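Participant: Sharing a structure here in structure tokens format.
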Amino acid sequence: MQTTFPTVTVLDLPFVKTTAADLLPVLQQRITQQKNTFVVTANPEIAMYAHEHAAYRDLILGADFITPDGVGILDGAKILKQPLPERITGFDTLQDLLAWGSEQHRSAYFLGAKPEVIAQLKPILARDYPGLEIAGIHDGYFQDEAPIVADITAKQPDMVFAALGFPKQEQFIHQYRHTTKGLWMGVGGSFDVLAGAVIRAPKFWQDHHLEWFYRTLKEPKRLKRIAVIPRYLHLVRQQAKRQ
């Protein structure tokens, strides 16, 4: 695990105690120095899955940075009386790295999402990040990962973004991260948002930590995922009592 920032351990996962603004230059420097880097952007769902699946938890603990992607993680840190400064979302980190990559003419590989989302994403990347070299772009509906891994190894991109959903994206990264000297990050449904296939909550909802509620209103099927939160907070309260 990284030692660049202090951490707060919520349900056995050490989250970086920093801001997005302070994390970004550290990630950029590591990319520039060709230091292999694994970033996990963990929300309460991921924390709960890791709590219940030891192999997945151990895999995540091998990451260099675990960021608090979700207000539930901030709530958990408050319960433990070790507050984290802010939410650091995978989507915002992705956007910041792409913007920097465009300015610095870096390369990125995109893996995941549906074929139609990837088709929408290609022209948007070219338009919004003209200086970024697209080393490769592939949907997440593949049976054989060997040709994709061979392509990543041959292209040696500075950044690999896997939008395969958890736990698959972290498992993929853990298995293949050492094929390059760059940064690897699981980004969940971020390609859908970048491509405009899913609309992100307006800034008001984000600023008031209600993005999850907005998305649930738009996608009622997410209710099942939100149901994890009370169980997660109960376990964090138990952790607080033990401390």
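Naming scheme: A, B, ... for chains in displayed order of the structure tokens; residues 1 onward per chain; ligands 1 onward as shown.
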Give one line per residue of range 157-180 of chain A that approaches range 97-103 of chain A to at most 12 Å, naming the two atoms of the closest pair and their distance in Å to one decimal, counting only C-alpha atoms; sort by chain then ascending residue number and deliver it as JSON lines.
Facilitator:
```
{"residue": "A:Pro157", "atom": "CA", "partner": "A:Gly101", "partner_atom": "CA", "distance": 11.0}
{"residue": "A:Asp158", "atom": "CA", "partner": "A:Gly101", "partner_atom": "CA", "distance": 8.7}
{"residue": "A:Met159", "atom": "CA", "partner": "A:Leu97", "partner_atom": "CA", "distance": 8.7}
{"residue": "A:Val160", "atom": "CA", "partner": "A:Leu97", "partner_atom": "CA", "distance": 10.9}
{"residue": "A:Phe161", "atom": "CA", "partner": "A:Leu98", "partner_atom": "CA", "distance": 10.3}
```
Participant: Store the residues picked out above, limited to C-alpha atoms, as a tab-separated table (two decimals), in the first residue's frame.
Facilitator:
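Result file is again-v3.tsv:
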```tsv
chain	number	residue	atom	x	y	z
A	157	PRO	CA	-0.05	3.08	-22.65
A	158	ASP	CA	0.62	5.60	-19.88
A	159	MET	CA	-2.86	4.96	-18.45
A	160	VAL	CA	-5.28	2.02	-18.60
A	161	PHE	CA	-8.90	2.68	-17.60
```
Participant: Which residues, written as a list of chain:residue names, have at least one atom at most 12 Å from Val149 in chain A, with only C-alpha atoms counted and residues fewer than 5 positions away on the same chain left out?
Facilitator: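 Once the adjacent positions are removed, what remains is A:Tyr109, A:Leu111, A:Gly136, A:His138, A:Phe142, A:Asp144, A:Ala154, A:Lys155, A:Gln156, A:Pro157, A:Val160, A:Phe172, A:Ile173, A:Gln175, A:Tyr176, A:Arg177, A:His178, A:Thr179, A:Thr180.
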Participant: Work out how far CA of Glu86 in chain A is from CA of Thr18 in chain A, in Å to one decimal.
Facilitator: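 According to the coordinates, CA of Thr18 in chain A and CA of Glu86 in chain A are separated by 7.5 Å.
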Participant: Write out as a list in words the residues lying within 10 Å of Thr4 in chain A, counting only C-alpha atoms and excluding same-chain residues fewer than 6 positions away.
Facilitator: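 The residues satisfying every condition are Val16, Lys17, Thr18, Leu23, Val26, Asp64 and Phe65 of chain A.
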Participant: Keeping only N, CA, C and O atoms, write the selected residues to a file as a CSV table (one decimal), in the first residue's frame.
Facilitator:
```
chain,number,residue,atom,x,y,z
A,16,VAL,N,-7.2,7.0,1.3
A,16,VAL,CA,-6.3,8.1,1.3
A,16,VAL,C,-7.0,9.4,2.0
A,16,VAL,O,-8.1,9.7,1.6
A,17,LYS,N,-6.3,10.0,2.9
A,17,LYS,CA,-6.8,11.2,3.6
A,17,LYS,C,-6.2,12.4,2.9
A,17,LYS,O,-5.2,12.9,3.3
A,18,THR,N,-6.8,12.8,1.8
A,18,THR,CA,-6.3,13.9,1.0
A,18,THR,C,-7.4,14.4,0.1
A,18,THR,O,-8.6,14.0,0.2
A,23,LEU,N,-4.1,14.8,-4.7
A,23,LEU,CA,-3.8,13.5,-5.3
A,23,LEU,C,-3.4,13.5,-6.7
A,23,LEU,O,-2.4,12.8,-7.1
A,26,VAL,N,0.3,13.8,-7.7
A,26,VAL,CA,1.1,12.6,-7.3
A,26,VAL,C,0.9,11.5,-8.4
A,26,VAL,O,1.9,10.9,-8.8
A,64,ASP,N,-2.1,0.9,-4.9
A,64,ASP,CA,-1.3,2.0,-4.4
A,64,ASP,C,-2.1,3.1,-3.7
A,64,ASP,O,-1.6,3.7,-2.8
A,65,PHE,N,-3.3,3.3,-4.2
A,65,PHE,CA,-4.2,4.3,-3.6
A,65,PHE,C,-5.6,3.8,-3.6
A,65,PHE,O,-6.1,3.3,-4.7
```
Participant: Using DSSP secondary structure from the backbone, list all strand (DSSP E) positions within range 1-232 of chain A, as a VMD selection string.
Facilitator: chain A and resid 7 to 10 13 to 16 37 to 42 65 to 68 107 to 112 133 to 138 159 to 163 183 to 186
Participant: Do a neighbour search on Gly140 in chain A at 7 Å with only C-alpha atoms, toss out local chain neighbours closer than 6 positions, and write the hits as number ranges by chain.
Facilitator: A: 111-114, 164
Participant: Of the candidates A:Ile118, A:Val228, A:Leu94, A:Leu183, which one gets nearest to Gln33 in chain A if we count only C-alpha atoms?
Facilitator: A:Leu183
Participant: Identify, on the basis of only C-alpha atoms, every residue whose closest approach to range 90-92 of chain A does not exceed 8 Å; exclude the query and any residue fewer than 2 positions from it along the same chain; express the result as a PDB file with N, CA and C atoms, in the first residue's frame.
Facilitator:
```
ATOM      1  N   THR A  41     -11.052   3.109  -6.780  1.00  0.00           N
ATOM      2  CA  THR A  41     -12.008   4.127  -6.348  1.00  0.00           C
ATOM      3  C   THR A  41     -13.170   3.375  -5.694  1.00  0.00           C
ATOM      4  N   ASP A  69     -14.748   7.042  -2.944  1.00  0.00           N
ATOM      5  CA  ASP A  69     -15.681   7.380  -4.022  1.00  0.00           C
ATOM      6  C   ASP A  69     -17.101   7.100  -3.541  1.00  0.00           C
ATOM      7  N   ILE A  88     -13.450  11.625  -3.447  1.00  0.00           N
ATOM      8  CA  ILE A  88     -12.601  11.668  -4.649  1.00  0.00           C
ATOM      9  C   ILE A  88     -13.170  10.626  -5.602  1.00  0.00           C
ATOM     10  N   LEU A  94     -10.744  10.440 -13.437  1.00  0.00           N
ATOM     11  CA  LEU A  94     -10.610  10.070 -14.850  1.00  0.00           C
ATOM     12  C   LEU A  94     -10.565  11.321 -15.728  1.00  0.00           C
ATOM     13  N   GLN A  95     -11.515  12.216 -15.532  1.00  0.00           N
ATOM     14  CA  GLN A  95     -11.566  13.449 -16.343  1.00  0.00           C
ATOM     15  C   GLN A  95     -10.292  14.279 -16.181  1.00  0.00           C
ATOM     16  N   ASP A  96      -9.831  14.403 -14.943  1.00  0.00           N
ATOM     17  CA  ASP A  96      -8.620  15.191 -14.672  1.00  0.00           C
ATOM     18  C   ASP A  96      -7.396  14.571 -15.350  1.00  0.00           C
ATOM     19  N   GLY A 186      -9.755   1.291 -12.129  1.00  0.00           N
ATOM     20  CA  GLY A 186     -11.112   0.836 -12.410  1.00  0.00           C
ATOM     21  C   GLY A 186     -12.063   2.008 -12.316  1.00  0.00           C
ATOM     22  N   VAL A 187     -12.907   2.187 -13.328  1.00  0.00           N
ATOM     23  CA  VAL A 187     -13.742   3.403 -13.368  1.00  0.00           C
ATOM     24  C   VAL A 187     -15.243   3.109 -13.489  1.00  0.00           C
ATOM     25  N   GLY A 188     -15.646   1.855 -13.245  1.00  0.00           N
ATOM     26  CA  GLY A 188     -17.073   1.535 -13.196  1.00  0.00           C
ATOM     27  C   GLY A 188     -17.835   1.984 -14.430  1.00  0.00           C
ATOM     28  N   SER A 190     -18.068   4.959 -15.736  1.00  0.00           N
ATOM     29  CA  SER A 190     -17.626   6.294 -16.179  1.00  0.00           C
ATOM     30  C   SER A 190     -17.675   6.494 -17.690  1.00  0.00           C
TER      31      SER A 190
END
```
Participant: Under the rule that only C-alpha atoms are counted, which of A:Ala108, A:Ala195, A:Leu121, A:Leu11 is the nearest residue to Ala54 in chain A?
Facilitator: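 For Ala54 in chain A, the nearest of the candidates is A:Leu11.
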Participant: I'd like the interatomic distance between CA of Thr67 in chain A and CA of Phe15 in chain A, to a tenth of an Å.
Facilitator: 5.5 Å
Participant: Would you list the contacts of range 234-237 of chain A as a PyMOL selection string, taking every protein, DNA or RNA residue within 10 Å and counting only C-alpha atoms, but skipping same-chain residues closer than 4 positions in sequence?
Facilitator: chain A and resi 10-12+48+51+73+75-80+229-230+241-242
Participant: Of the candidates A:Leu24, A:Thr153, A:Tyr129, A:Gly165, which one gets nearest to Glu45 in chain A if we count only C-alpha atoms?
Facilitator: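 Looking only at the distances to Glu45 in chain A, the closest residue turns out to be A:Gly165.
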Participant: So which one's closest to Ala21 in chain A, A:Gly70, A:Ile152, A:Thr89, A:Ile226? Using only C-alpha atoms, please.
Facilitator: A:Thr89
Participant: Could you please write out, as number ranges by chain, every residue of range 3-211 of chain A that DSSP assigns to alpha helix (DSSP H)?
Facilitator: A: 20-32, 44-52, 54-60, 71-79, 90-104, 115-128, 146-155, 168-176, 190-194, 203-207, 211
Participant: One decimal, in Å: what's the spacing between CA of Glu145 in chain A and CA of Pro123 in chain A?
Facilitator: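 Value for the CA of Glu145 in chain A-CA of Pro123 in chain A distance: 24.9 Å.
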Participant: Measuring atom to atom with only C-alpha atoms, identify which of A:Gly182, A:Asp192, A:Ile46, A:Ile60 is nearest to Glu116 in chain A.
Facilitator: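 Closest to Glu116 in chain A, using only C-alpha atoms: A:Asp192.
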Participant: Between A:Leu13, A:Ala227, A:Ala163, A:Val193, which one has atoms that come closest to Asp58 in chain A, using only C-alpha atoms?
Facilitator: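 With only C-alpha atoms as the atom set, the closest residue is A:Leu13.
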